[in-house]
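S.K.: Got a file for you: work-v2.cif, mmCIF, C-alpha atoms and all ligand atoms.
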data_work
loop_
_atom_site.label_atom_id
_atom_site.label_comp_id
_atom_site.auth_asym_id
_atom_site.auth_seq_id
_atom_site.Cartn_x
_atom_site.Cartn_y
_atom_site.Cartn_z
CA MET A 142 -47.16 58.26 16.51
CA GLN A 143 -48.56 56.33 13.57
CA LYS A 144 -46.90 53.14 12.43
CA LYS A 145 -48.36 54.05 9.03
CA SER A 146 -45.41 56.30 8.43
CA PHE A 147 -43.17 53.25 8.01
CA LEU A 148 -44.85 53.08 4.60
CA ASN A 149 -43.53 55.51 2.05
CA LEU A 150 -43.79 54.29 -1.52
CA HIS A 151 -42.20 57.50 -2.79
CA TYR A 152 -39.08 57.01 -0.71
CA LYS A 153 -35.82 56.81 -2.67
CA PRO A 154 -33.28 54.79 -0.67
CA ASN A 155 -30.15 56.74 0.15
CA LYS A 156 -26.70 55.37 -0.54
CA ASN A 157 -26.09 54.14 3.00
CA ASP A 158 -29.42 52.36 3.54
CA ILE A 159 -29.53 48.58 3.84
CA ILE A 160 -32.40 47.21 1.82
CA ALA A 161 -34.11 43.99 2.81
CA THR A 162 -36.34 42.19 0.33
CA TYR A 163 -38.98 40.07 2.03
CA ARG A 164 -41.63 37.75 0.70
CA ILE A 165 -44.57 37.94 3.10
CA GLU A 166 -47.70 35.86 3.63
CA SER A 167 -50.04 37.20 6.30
CA LYS A 168 -53.73 37.30 7.02
CA LEU A 169 -53.30 41.03 7.71
CA GLY A 170 -52.53 41.68 4.06
CA LEU A 171 -49.19 42.72 2.65
CA GLU A 172 -49.16 46.39 3.59
CA LYS A 173 -50.14 45.98 7.23
CA ALA A 174 -47.85 42.99 7.71
CA ALA A 175 -44.96 44.90 6.15
CA ILE A 176 -45.50 47.74 8.63
CA GLU A 177 -45.41 45.28 11.54
CA ILE A 178 -42.23 43.77 10.15
CA ALA A 179 -40.56 47.15 9.63
CA ALA A 180 -41.43 48.13 13.20
CA GLU A 181 -40.43 44.91 14.98
CA SER A 182 -37.15 44.65 13.08
CA SER A 183 -36.12 48.18 14.06
CA ILE A 184 -37.50 50.65 16.62
CA GLY A 185 -41.09 49.54 17.13
CA THR A 186 -43.10 47.07 19.12
CA TRP A 187 -46.73 45.86 19.23
CA THR A 188 -48.17 49.09 20.62
CA LYS A 189 -47.48 52.80 20.77
CA ILE A 190 -44.82 53.64 23.33
CA SER A 191 -44.25 56.98 24.99
CA THR A 192 -40.49 56.48 24.93
CA LEU A 193 -40.28 56.62 21.17
CA LYS A 194 -39.95 60.30 20.31
CA GLN A 195 -40.73 61.78 16.91
CA LYS A 196 -37.08 62.81 16.53
CA THR A 197 -35.92 59.22 16.95
CA PHE A 198 -38.64 57.97 14.67
CA ASP A 199 -37.72 60.41 11.91
CA LYS A 200 -34.09 59.44 12.13
CA LEU A 201 -34.36 55.67 12.47
CA ALA A 202 -37.66 54.45 11.03
CA PRO A 203 -37.17 52.09 8.08
CA GLN A 204 -39.13 52.90 4.96
CA ILE A 205 -41.26 50.42 3.03
CA PHE A 206 -40.76 51.77 -0.46
CA PHE A 207 -41.80 48.90 -2.73
CA ILE A 208 -44.73 46.47 -2.67
CA ASP A 209 -45.54 43.84 -5.29
CA LYS A 210 -48.87 42.36 -4.25
CA LYS A 211 -48.82 39.62 -6.87
CA LYS A 212 -45.42 38.29 -5.93
CA LYS A 213 -45.94 39.13 -2.22
CA ILE A 214 -42.65 41.02 -2.28
CA VAL A 215 -41.83 44.00 -0.11
CA LYS A 216 -38.64 46.07 0.02
CA ILE A 217 -37.70 47.93 3.16
CA ALA A 218 -34.89 50.48 3.39
CA TYR A 219 -33.22 50.57 6.81
CA PRO A 220 -31.09 53.54 7.87
CA ILE A 221 -27.49 52.44 8.42
CA GLU A 222 -27.63 53.87 11.97
CA LEU A 223 -29.78 50.86 12.95
CA PHE A 224 -26.78 48.60 12.50
CA GLU A 225 -23.47 48.17 14.21
CA LEU A 226 -20.80 48.16 11.53
CA GLY A 227 -18.84 44.92 11.25
CA ASN A 228 -21.39 42.96 13.30
CA ILE A 229 -23.21 40.23 11.33
CA PRO A 230 -25.01 38.70 14.34
CA GLN A 231 -26.56 42.09 15.14
CA LEU A 232 -27.77 42.48 11.54
CA LEU A 233 -29.34 39.02 11.71
CA SER A 234 -30.98 39.71 15.07
CA ALA A 235 -32.71 42.68 13.46
CA LEU A 236 -33.55 41.55 9.94
CA ALA A 237 -33.82 37.81 10.54
CA GLY A 238 -34.89 37.80 14.16
CA ASN A 239 -38.18 38.30 16.05
CA ILE A 240 -40.13 39.01 12.88
CA PHE A 241 -40.07 35.29 12.03
CA SER A 242 -41.91 34.48 15.26
CA MET A 243 -44.79 36.95 14.95
CA LYS A 244 -48.25 35.38 15.06
CA ILE A 245 -49.53 37.71 12.34
CA ILE A 246 -47.06 36.14 9.90
CA ASP A 247 -47.92 32.88 8.13
CA ASN A 248 -44.77 32.74 6.05
CA LEU A 249 -41.82 35.07 5.76
CA ARG A 250 -38.68 34.83 3.69
CA LEU A 251 -35.70 37.14 3.61
CA GLU A 252 -34.97 36.93 -0.11
CA ASP A 253 -32.14 39.42 -0.49
CA LEU A 254 -30.11 42.03 1.29
CA SER A 255 -28.76 44.97 -0.65
CA LEU A 256 -25.81 46.10 1.40
CA SER A 257 -24.47 49.62 1.24
CA THR A 258 -20.79 50.34 0.61
CA LYS A 259 -20.40 51.86 4.06
CA TYR A 260 -21.63 48.62 5.63
CA ILE A 261 -19.63 46.39 3.26
CA ASN A 262 -16.45 48.34 3.95
CA SER A 263 -16.68 47.66 7.66
CA PHE A 264 -15.68 44.04 6.97
CA GLU A 265 -12.44 42.47 5.83
CA GLY A 266 -13.87 39.95 3.38
CA PRO A 267 -11.73 37.14 1.94
CA TYR A 268 -7.98 37.28 2.34
CA TYR A 269 -7.32 35.28 -0.83
CA GLY A 270 -10.49 35.31 -2.93
CA ILE A 271 -10.51 33.76 -6.40
CA ASN A 272 -7.26 35.30 -7.62
CA GLY A 273 -5.40 34.52 -4.43
CA VAL A 274 -6.39 30.85 -4.52
CA ARG A 275 -5.56 30.60 -8.22
CA LYS A 276 -2.17 32.21 -7.64
CA LEU A 277 -1.37 29.89 -4.76
CA LEU A 278 -2.08 26.84 -6.90
CA ASP A 279 -0.71 28.42 -10.08
CA ILE A 280 -3.83 27.49 -12.05
CA GLN A 281 -5.31 30.33 -14.06
CA HIS A 282 -7.63 29.38 -16.85
CA ARG A 283 -9.55 26.31 -15.80
CA PRO A 284 -11.79 25.16 -12.96
CA LEU A 285 -9.97 23.60 -9.99
CA ILE A 286 -10.64 19.91 -9.59
CA GLY A 287 -11.33 18.84 -6.04
CA SER A 288 -12.35 15.74 -4.17
CA ILE A 289 -13.79 14.91 -0.80
CA ILE A 290 -12.22 11.94 0.95
CA LYS A 291 -14.89 9.24 1.18
CA PRO A 292 -16.17 7.57 3.25
CA LYS A 293 -17.10 10.83 4.98
CA VAL A 294 -15.72 9.41 8.23
CA GLY A 295 -14.18 6.03 8.88
CA LEU A 296 -10.67 6.09 7.42
CA SER A 297 -7.65 6.34 9.69
CA ALA A 298 -5.34 9.35 9.37
CA LYS A 299 -2.86 7.15 7.53
CA GLU A 300 -5.47 5.85 5.06
CA HIS A 301 -6.80 9.37 4.55
CA ALA A 302 -3.34 10.74 3.77
CA GLN A 303 -2.52 7.86 1.42
CA LEU A 304 -5.80 8.34 -0.45
CA ALA A 305 -5.08 12.07 -0.76
CA TYR A 306 -1.69 11.24 -2.27
CA ASP A 307 -3.23 8.74 -4.68
CA ILE A 308 -5.68 11.26 -6.11
CA TRP A 309 -3.35 14.28 -6.05
CA THR A 310 -0.94 12.30 -8.20
CA ASN A 311 -3.72 11.47 -10.66
CA GLY A 312 -4.92 14.97 -11.49
CA ILE A 313 -6.73 16.30 -8.41
CA ASP A 314 -5.76 19.81 -7.24
CA VAL A 315 -7.71 20.10 -3.99
CA VAL A 316 -8.48 17.36 -1.46
CA LYS A 317 -10.82 18.01 1.40
CA ASP A 318 -12.12 16.63 4.65
CA ASP A 319 -15.83 16.02 4.74
CA GLU A 320 -18.11 18.23 6.83
CA ASN A 321 -18.55 15.70 9.65
CA LEU A 322 -14.89 14.69 9.88
CA THR A 323 -13.16 16.63 12.65
CA SER A 324 -11.08 14.83 15.29
CA MET A 325 -12.39 11.32 15.71
CA PRO A 326 -11.10 8.47 17.86
CA PHE A 327 -9.95 6.65 14.70
CA ASN A 328 -8.63 9.75 12.91
CA LYS A 329 -7.26 12.47 15.18
CA PHE A 330 -7.04 15.96 13.71
CA LYS A 331 -3.38 16.62 14.50
CA ASP A 332 -2.31 13.18 13.37
CA ARG A 333 -4.18 13.73 10.09
CA VAL A 334 -2.55 17.11 9.49
CA ILE A 335 0.94 15.70 10.03
CA LYS A 336 0.38 12.67 7.80
CA VAL A 337 -1.43 14.57 5.05
CA MET A 338 1.20 17.31 4.88
CA LYS A 339 3.90 14.68 4.41
CA GLN A 340 1.98 13.13 1.50
CA LYS A 341 1.22 16.55 0.02
CA LYS A 342 4.91 17.37 -0.13
CA LYS A 343 5.56 14.05 -1.89
CA ALA A 344 2.69 14.59 -4.33
CA GLU A 345 3.91 18.10 -5.18
CA HIS A 346 7.42 16.78 -5.75
CA ILE A 347 6.25 13.98 -8.06
CA THR A 348 3.76 16.05 -10.07
CA GLY A 349 5.61 19.37 -10.05
CA CYS A 350 2.24 21.00 -9.25
CA LYS A 351 0.97 22.81 -6.16
CA LYS A 352 -1.70 20.91 -4.22
CA LEU A 353 -4.13 21.97 -1.54
CA HIS A 354 -5.63 20.13 1.43
CA VAL A 355 -8.71 21.53 3.14
CA PHE A 356 -8.65 20.65 6.86
CA ASN A 357 -12.00 20.76 8.61
CA ILE A 358 -11.48 22.69 11.86
CA THR A 359 -15.20 22.86 12.76
CA ALA A 360 -15.46 22.87 16.59
CA PRO A 361 -16.02 25.30 19.46
CA MET A 362 -14.10 28.51 18.68
CA ASP A 363 -11.16 28.01 21.04
CA ILE A 364 -10.52 24.59 19.50
CA MET A 365 -11.02 25.94 15.97
CA LEU A 366 -8.33 28.54 16.52
CA GLU A 367 -5.96 26.00 18.00
CA ARG A 368 -6.51 23.74 14.98
CA ALA A 369 -6.09 26.58 12.49
CA LYS A 370 -2.78 27.51 14.11
CA PHE A 371 -1.71 23.88 14.04
CA VAL A 372 -2.44 23.71 10.29
CA LYS A 373 -0.48 26.91 9.75
CA THR A 374 2.50 25.71 11.79
CA HIS A 375 2.64 22.53 9.75
CA GLY A 376 2.68 24.36 6.44
CA GLY A 377 -1.01 23.94 5.58
CA LYS A 378 -2.72 26.65 3.57
CA CYS A 379 -6.43 25.99 3.98
CA VAL A 380 -9.00 25.31 6.67
CA MET A 381 -12.69 24.48 6.37
CA VAL A 382 -15.53 25.64 8.60
CA ASP A 383 -19.10 24.38 8.53
CA LEU A 384 -20.36 27.94 8.59
CA VAL A 385 -23.98 27.30 9.56
CA SER A 386 -22.98 25.13 12.53
CA VAL A 387 -20.14 27.40 13.55
CA GLY A 388 -21.74 30.79 12.85
CA LEU A 389 -20.46 33.61 10.68
CA ASP A 390 -19.28 35.56 13.72
CA ASN A 391 -16.75 32.83 14.37
CA VAL A 392 -15.67 33.00 10.74
CA GLN A 393 -15.00 36.70 11.34
CA VAL A 394 -12.91 35.87 14.40
CA LEU A 395 -10.93 33.33 12.40
CA ARG A 396 -10.39 35.82 9.59
CA LYS A 397 -9.14 38.46 12.04
CA GLN A 398 -6.33 36.21 13.31
CA LYS A 399 -4.21 37.14 10.28
CA LEU A 400 -3.21 33.51 9.85
CA ASN A 401 -3.42 34.03 6.09
CA LEU A 402 -5.12 30.70 5.58
CA ILE A 403 -7.68 30.09 2.85
CA ILE A 404 -11.07 29.74 4.57
CA HIS A 405 -13.28 27.16 2.88
CA GLY A 406 -16.97 27.55 3.71
CA HIS A 407 -19.08 24.39 3.86
CA ARG A 408 -22.78 25.24 4.15
CA ALA A 409 -24.16 21.97 5.60
CA GLY A 410 -27.51 22.72 7.23
CA HIS A 411 -28.33 25.86 5.24
CA SER A 412 -31.42 24.20 3.79
CA MET A 413 -33.03 24.22 7.25
CA PHE A 414 -33.84 27.83 6.45
CA SER A 415 -33.03 28.37 2.75
CA ARG A 416 -34.94 25.55 1.07
CA ASN A 417 -38.57 26.47 1.67
CA PRO A 418 -39.40 29.09 -1.00
CA LYS A 419 -42.00 30.65 1.30
CA HIS A 420 -40.17 30.82 4.60
CA GLY A 421 -36.70 31.39 6.00
CA MET A 422 -33.70 33.02 4.41
CA SER A 423 -32.26 32.56 0.93
CA MET A 424 -28.82 31.07 0.29
CA LEU A 425 -28.11 34.33 -1.53
CA VAL A 426 -28.24 36.22 1.77
CA ILE A 427 -26.06 33.64 3.53
CA ALA A 428 -23.54 33.80 0.67
CA LYS A 429 -23.26 37.60 0.79
CA LEU A 430 -22.75 37.51 4.55
CA ALA A 431 -20.17 34.74 4.19
CA ARG A 432 -18.27 36.98 1.76
CA LEU A 433 -18.30 39.82 4.29
CA ALA A 434 -17.11 37.49 7.06
CA GLY A 435 -14.06 36.40 5.09
CA ILE A 436 -14.87 33.09 3.39
CA ASP A 437 -12.53 32.55 0.40
CA GLN A 438 -14.32 29.64 -1.23
CA LEU A 439 -17.95 28.70 -0.70
CA HIS A 440 -20.27 25.80 -1.50
CA THR A 441 -23.09 27.26 -3.59
CA GLY A 442 -24.60 24.32 -5.46
CA THR A 443 -24.25 22.41 -8.71
CA VAL A 444 -27.67 22.62 -10.43
CA VAL A 445 -26.94 19.18 -11.98
CA GLY A 446 -25.92 17.24 -8.84
CA LYS A 447 -27.67 15.67 -5.86
CA MET A 448 -28.53 18.82 -3.91
CA ASP A 449 -31.48 21.17 -4.33
CA GLY A 450 -30.87 24.48 -6.18
CA SER A 451 -32.08 25.74 -9.57
CA ALA A 452 -29.79 27.15 -12.27
CA GLN A 453 -31.21 30.63 -11.74
CA GLU A 454 -30.61 30.47 -8.00
CA VAL A 455 -27.04 29.14 -8.17
CA ILE A 456 -26.05 31.55 -10.97
CA GLU A 457 -27.41 34.46 -8.96
CA ILE A 458 -25.52 33.41 -5.83
CA ASN A 459 -22.28 32.91 -7.77
CA GLN A 460 -22.64 36.34 -9.36
CA ALA A 461 -23.26 37.97 -6.00
CA ILE A 462 -20.13 36.49 -4.42
CA LYS A 463 -17.90 37.03 -7.45
CA GLU A 464 -18.93 40.43 -8.68
CA ASP A 465 -19.25 44.00 -7.60
CA ALA A 466 -22.95 44.28 -8.19
CA GLY A 467 -25.67 41.83 -7.26
CA ILE A 468 -28.15 40.65 -9.85
CA ASN A 469 -30.42 43.45 -8.69
CA LYS A 470 -29.76 46.07 -11.33
CA VAL A 471 -31.62 48.83 -9.52
CA LEU A 472 -29.95 48.50 -6.16
CA ARG A 473 -26.40 47.88 -7.16
CA GLU A 474 -23.88 46.92 -4.55
CA ASN A 475 -20.33 48.10 -4.64
CA TRP A 476 -18.10 45.55 -2.95
CA GLY A 477 -15.12 47.88 -3.19
CA LYS A 478 -12.05 46.35 -1.59
CA ILE A 479 -13.84 43.08 -0.72
CA LYS A 480 -12.46 40.31 -2.92
CA PRO A 481 -14.57 37.86 -4.96
CA VAL A 482 -15.25 34.42 -3.46
CA PHE A 483 -14.48 31.19 -5.34
CA PRO A 484 -17.75 29.24 -5.80
CA ILE A 485 -17.60 25.50 -5.13
CA ALA A 486 -19.83 23.06 -6.99
CA SER A 487 -20.18 19.89 -4.96
CA GLY A 488 -22.65 17.11 -4.28
CA GLY A 489 -23.53 14.18 -6.49
CA LEU A 490 -21.13 15.09 -9.29
CA TYR A 491 -19.52 12.54 -11.60
CA PRO A 492 -17.52 12.96 -14.82
CA GLU A 493 -20.44 12.97 -17.26
CA LEU A 494 -22.00 15.99 -15.53
CA THR A 495 -18.87 18.13 -15.90
CA LYS A 496 -19.70 19.54 -19.33
CA LYS A 497 -23.18 20.67 -18.38
CA LEU A 498 -21.93 22.01 -15.05
CA ILE A 499 -19.26 24.21 -16.67
CA SER A 500 -21.67 25.36 -19.37
CA ILE A 501 -24.05 26.60 -16.67
CA LEU A 502 -21.64 27.92 -14.04
CA GLY A 503 -18.51 28.79 -16.04
CA ASN A 504 -14.81 28.41 -15.44
CA ASP A 505 -14.31 30.18 -12.15
CA LEU A 506 -15.34 27.17 -10.19
CA ILE A 507 -13.95 24.55 -7.82
CA ILE A 508 -15.55 21.26 -8.86
CA ASN A 509 -15.70 18.60 -6.14
CA TYR A 510 -16.29 14.93 -6.82
CA GLY A 511 -16.81 12.60 -3.86
CA GLY A 512 -18.82 9.48 -4.72
CA GLY A 513 -18.34 10.34 -8.41
CA LEU A 514 -14.59 9.80 -8.00
CA HIS A 515 -14.21 7.14 -5.30
CA GLY A 516 -17.07 5.18 -6.85
CA HIS A 517 -15.21 4.67 -10.14
CA PRO A 518 -15.29 0.95 -11.02
CA HIS A 519 -11.47 0.77 -10.93
CA GLY A 520 -11.02 2.73 -7.74
CA SER A 521 -10.02 6.21 -6.64
CA LYS A 522 -6.88 6.63 -8.78
CA SER A 523 -8.87 5.90 -11.92
CA GLY A 524 -11.70 8.07 -10.61
CA ALA A 525 -9.30 10.99 -10.17
CA ARG A 526 -8.06 10.59 -13.73
CA ALA A 527 -11.61 10.38 -15.04
CA CYS A 528 -12.60 13.62 -13.26
CA TYR A 529 -9.55 15.49 -14.52
CA GLN A 530 -10.12 14.16 -18.04
CA ALA A 531 -13.76 15.26 -17.98
CA MET A 532 -12.63 18.82 -17.26
CA GLN A 533 -9.83 18.63 -19.83
CA ILE A 534 -12.26 17.55 -22.57
CA VAL A 535 -14.46 20.57 -21.89
CA ILE A 536 -11.73 23.18 -21.42
CA GLU A 537 -9.63 22.03 -24.39
CA LYS A 538 -12.81 21.60 -26.47
CA ILE A 539 -11.84 18.06 -27.50
CA LYS A 540 -14.38 16.87 -30.07
CA ASN A 541 -13.89 13.10 -30.14
CA PRO A 542 -11.88 12.15 -27.07
CA ASP A 543 -9.46 9.31 -27.79
CA LYS A 544 -10.75 6.06 -26.25
CA ASN A 545 -7.31 4.98 -25.05
CA TYR A 546 -6.05 8.30 -23.73
CA PHE A 547 -9.34 9.08 -21.97
CA LYS A 548 -9.89 5.46 -20.87
CA GLU A 549 -10.91 6.21 -17.29
CA TYR A 550 -13.36 8.87 -18.44
CA TYR A 551 -15.10 6.39 -20.74
CA GLU A 552 -15.17 3.79 -17.93
CA ALA A 553 -16.91 6.35 -15.72
CA LEU A 554 -19.44 7.18 -18.46
CA GLU A 555 -20.24 3.49 -18.86
CA HIS A 556 -20.44 2.91 -15.09
CA TRP A 557 -22.97 5.68 -14.41
CA LYS A 558 -24.79 5.57 -17.76
CA ASN A 559 -28.05 4.41 -16.22
CA LYS A 560 -27.94 6.77 -13.31
CA LYS A 561 -31.13 8.83 -13.06
CA LYS A 562 -30.22 12.48 -13.54
C1 LIG A 601 -20.31 15.88 -1.66
C2 LIG A 601 -20.37 16.29 -0.23
C3 LIG A 601 -20.72 17.72 0.15
C4 LIG A 601 -21.95 18.29 -0.51
C5 LIG A 601 -22.59 19.46 0.18
C6 LIG A 601 -21.30 15.33 0.46
O1 LIG A 601 -20.07 14.51 -1.82
O2 LIG A 601 -19.12 16.08 0.35
O3 LIG A 601 -20.83 17.77 1.53
O4 LIG A 601 -21.49 18.71 -1.74
O5 LIG A 601 -23.55 20.07 -0.63
O6 LIG A 601 -20.93 14.81 1.50
O7 LIG A 601 -22.40 15.16 -0.01
P1 LIG A 601 -20.51 13.67 -3.10
P2 LIG A 601 -23.40 21.55 -1.13
O8 LIG A 601 -19.71 14.21 -4.26
O9 LIG A 601 -20.16 12.26 -2.77
O10 LIG A 601 -21.97 13.88 -3.30
O11 LIG A 601 -22.08 21.67 -1.83
O12 LIG A 601 -24.57 21.72 -2.05
O13 LIG A 601 -23.49 22.41 0.06
MG MG A 602 -19.69 16.42 2.35
#
The structure in this file should be written as structure tokens.
Ligand code: CAP
Ligand code: MG

M.R.:
Amino acid sequence: MQKKSFLNLHYKPNKNDIIATYRIESKLGLEKAAIEIAAESSIGTWTKISTLKQKTFDKLAPQIFFIDKKKKIVKIAYPIELFELGNIPQLLSALAGNIFSMKIIDNLRLEDLSLSTKYINSFEGPYYGINGVRKLLDIQHRPLIGSIIKPKVGLSAKEHAQLAYDIWTNGIDVVKDDENLTSMPFNKFKDRVIKVMKQKKKAEHITGCKKLHVFNITAPMDIMLERAKFVKTHGGKCVMVDLVSVGLDNVQVLRKQKLNLIIHGHRAGHSMFSRNPKHGMSMLVIAKLARLAGIDQLHTGTVVGKMDGSAQEVIEINQAIKEDAGINKVLRENWGKIKPVFPIASGGLYPELTKKLISILGNDLIINYGGGLHGHPHGSKSGARACYQAMQIVIEKIKNPDKNYFKEYYEALEHWKNKKK
């Protein structure tokens, strides 16, 4: 049996195939390397084997149907039968597994996955999605304004809850735990939930607006579930998972509990494999898989903030998690019943950047300000007002914002005016 038959540039992918787009660097040359990759990621190995019958090969062999030598891009169509429906770890073991360890490969990057409807429909996807979150908070036509409690860790549960109250009552819709705050000796998870929920009730009463707190439940799965249930029992509506640390399979387990909680996906650590443009896996792939697993709102980048990520990349990711079809016009995806995910822009944001951020990423966005709120020269309450005002100026298209009314916004502009962008 010839491995050569993995290569079929005339092949037209069928509607159930899963198409992986790889960028490959190999001393073997693109074509040969692609054949090795197609084999190792599916039914083949390093040599001919007597156990692989022609019948099996014909049924299950992936087809390399596109090669761009200049861009080093290869597209491989995998028959759906190679995958267990509803099983993200199995998909990753095949398409993002052994092939990354092969000696013949210098660099390899999984750029995109075009998922077929049959595969997509084997997942539940988000319970809330964009519309569900908007409905819960009763905010329709503007970005949601969020903040991360800072310092990341260090405040007591009481201080954390008080700070949440202070910023909720000054314009913030969503307050969240940071990615490395779980249950610490100085701030125990359950204590935090109880204290925060009390302050949330007060803040909602005073403002007449719905508020959201995002509790970080990141931990081993049994503890995560216990914490999620605790949040639910105490009237909370949202939990956060650090999805790279925790794994998307555990997100699926959480989603299947029918707790009807918003699942907030923090992506800390993704750059270990998504940042190098020559090697690893793109954030686009992670984002699509997170949508399948059931994430309702996902960190995808800011373009203008402190984290890496170009406008093109972040726009493409946001489109893929919000829309039916990916950016790839040829291989359109139909997400069917799977709801759109709310993109979160977070990391190094402060009021001045709001206008540019919204102009690039649009209105369907949760905008998080951490340092750019708590670092306001007059403290967190003023910072919260400044962040809300920055959004208000953009959304209401206010030409010359009044210096008195938008005082905190102007103070923030002045404070960070010399900050290197
Ligand atoms: C933002 C943040 C988030 C990053 C993650 C932080 O705080 O809380 O974790 O946004 O990046 O700790 O850095 P600041 P991304 O506003 O103080 O920067 O959203 O790109 O995954
Ligand atoms: Mg953080």

S.K.: Tell me, as a list of chain:residue names, which residues lie within 9 Å of Ile159 of chain A, counting all atoms listed in the file; anything in the same chain fewer than 5 positions away does not count.

M.R.: A:Pro154, A:Ile217, A:Ala218, A:Tyr219, A:Pro220, A:Ile221, A:Leu254, A:Ser255, A:Leu256, A:Ser257, A:Tyr260

S.K.: Restricting the calculation to only C-alpha atoms and all ligand atoms: of A:Lys373, A:Lys397, A:Lys497, A:Lys317, which residue gets closest to ligand MG 602 (chain A)?

M.R.: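 Smallest separation from ligand MG 602 (chain A) among the options: A:Lys317.
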
S.K.: Can you work out the spacing between atom CA of Gly266 of chain A and atom CA of Asp253 of chain A in Å, to one decimal?

M.R.: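 Computing it gives 18.7 Å between the two atoms.
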
S.K.: So that I can see what lies close to segment 299-310 of chain A, please list as a PyMOL selection string the residues with an atom at most 12 Å from it, counting all atoms listed in the file and leaving out residues fewer than 6 positions away in the same chain.

M.R.: chain A and resi 286-293+316-319+322+327-356+510-511+514-515+520-529

S.K.: Keeping only C-alpha atoms, take the residues you just selected and write them out as a compact mmCIF listing (two decimals), in the frame of the given file.

M.R.:
# COMPACT_ATOMS: atom_id res chain seq x y z
CA ILE A 286 -10.64 19.91 -9.59
CA GLY A 287 -11.33 18.84 -6.04
CA SER A 288 -12.35 15.74 -4.17
CA ILE A 289 -13.79 14.91 -0.80
CA ILE A 290 -12.22 11.94 0.95
CA LYS A 291 -14.89 9.24 1.18
CA PRO A 292 -16.17 7.57 3.25
CA LYS A 293 -17.10 10.83 4.98
CA VAL A 316 -8.48 17.36 -1.46
CA LYS A 317 -10.82 18.01 1.40
CA ASP A 318 -12.12 16.63 4.65
CA ASP A 319 -15.83 16.02 4.74
CA LEU A 322 -14.89 14.69 9.88
CA PHE A 327 -9.95 6.65 14.70
CA ASN A 328 -8.63 9.75 12.91
CA LYS A 329 -7.26 12.47 15.18
CA PHE A 330 -7.04 15.96 13.71
CA LYS A 331 -3.38 16.62 14.50
CA ASP A 332 -2.31 13.18 13.37
CA ARG A 333 -4.18 13.73 10.09
CA VAL A 334 -2.55 17.11 9.49
CA ILE A 335 0.94 15.70 10.03
CA LYS A 336 0.38 12.67 7.80
CA VAL A 337 -1.43 14.57 5.05
CA MET A 338 1.20 17.31 4.88
CA LYS A 339 3.90 14.68 4.41
CA GLN A 340 1.98 13.13 1.50
CA LYS A 341 1.22 16.55 0.02
CA LYS A 342 4.91 17.37 -0.13
CA LYS A 343 5.56 14.05 -1.89
CA ALA A 344 2.69 14.59 -4.33
CA GLU A 345 3.91 18.10 -5.18
CA HIS A 346 7.42 16.78 -5.75
CA ILE A 347 6.25 13.98 -8.06
CA THR A 348 3.76 16.05 -10.07
CA GLY A 349 5.61 19.37 -10.05
CA CYS A 350 2.24 21.00 -9.25
CA LYS A 351 0.97 22.81 -6.16
CA LYS A 352 -1.70 20.91 -4.22
CA LEU A 353 -4.13 21.97 -1.54
CA HIS A 354 -5.63 20.13 1.43
CA VAL A 355 -8.71 21.53 3.14
CA PHE A 356 -8.65 20.65 6.86
CA TYR A 510 -16.29 14.93 -6.82
CA GLY A 511 -16.81 12.60 -3.86
CA LEU A 514 -14.59 9.80 -8.00
CA HIS A 515 -14.21 7.14 -5.30
CA GLY A 520 -11.02 2.73 -7.74
CA SER A 521 -10.02 6.21 -6.64
CA LYS A 522 -6.88 6.63 -8.78
CA SER A 523 -8.87 5.90 -11.92
CA GLY A 524 -11.70 8.07 -10.61
CA ALA A 525 -9.30 10.99 -10.17
CA ARG A 526 -8.06 10.59 -13.73
CA ALA A 527 -11.61 10.38 -15.04
CA CYS A 528 -12.60 13.62 -13.26
CA TYR A 529 -9.55 15.49 -14.52

S.K.: Just checking: using all atoms listed in the file, which residue out of A:His411, A:Lys419, A:Leu251, A:Leu278 ends up closest to Glu166 of chain A?

M.R.: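 Under the stated criterion, the closest residue is A:Lys419.
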
S.K.: Kindly indicate which residue among A:Tyr268, A:Phe198, A:Tyr491, A:Phe414 lies nearest to Ile436 of chain A, using only C-alpha atoms for the distances.

M.R.: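 Checking each of A:Tyr268, A:Phe198, A:Tyr491, A:Phe414 against Ile436 of chain A, counting only C-alpha atoms, the winner is A:Tyr268.
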
S.K.: For the atom pair atom CA of Asp314 of chain A and atom CA of Gly503 of chain A, what is the interatomic distance in Å to one decimal place?

M.R.: 17.9 Å

S.K.: Would you work out the distance separating atom CA of Phe147 of chain A from atom CA of Ser234 of chain A, expressed in Å to one decimal?

M.R.: 19.5 Å

S.K.: If the limit is 7 Å from any atom of ligand LIG 601 (chain A), counting all atoms listed in the file, which residues qualify? Return them as a ChimeraX atom specification.

M.R.: /A:289,293,319-320,407-409,440-443,447-448,485-490,509-513

S.K.: From the list A:Glu181, A:Glu549, A:Asp383, A:Asp279, which residue is nearest ligand MG 602 (chain A) when using all atoms listed in the file?

M.R.: A:Asp383

S.K.: Select, from A:Val294, A:Ile261, A:Asn311, A:Thr359, the residue with the minimum atom-to-atom distance to ligand MG 602 (chain A), counting all atoms listed in the file.

M.R.: A:Val294

S.K.: Using all atoms listed in the file, pick whichever of A:Ser423, A:Asn459, A:Ser415, A:Asn401 has the shortest atom-to-atom distance to Val274 of chain A.

M.R.: A:Asn401
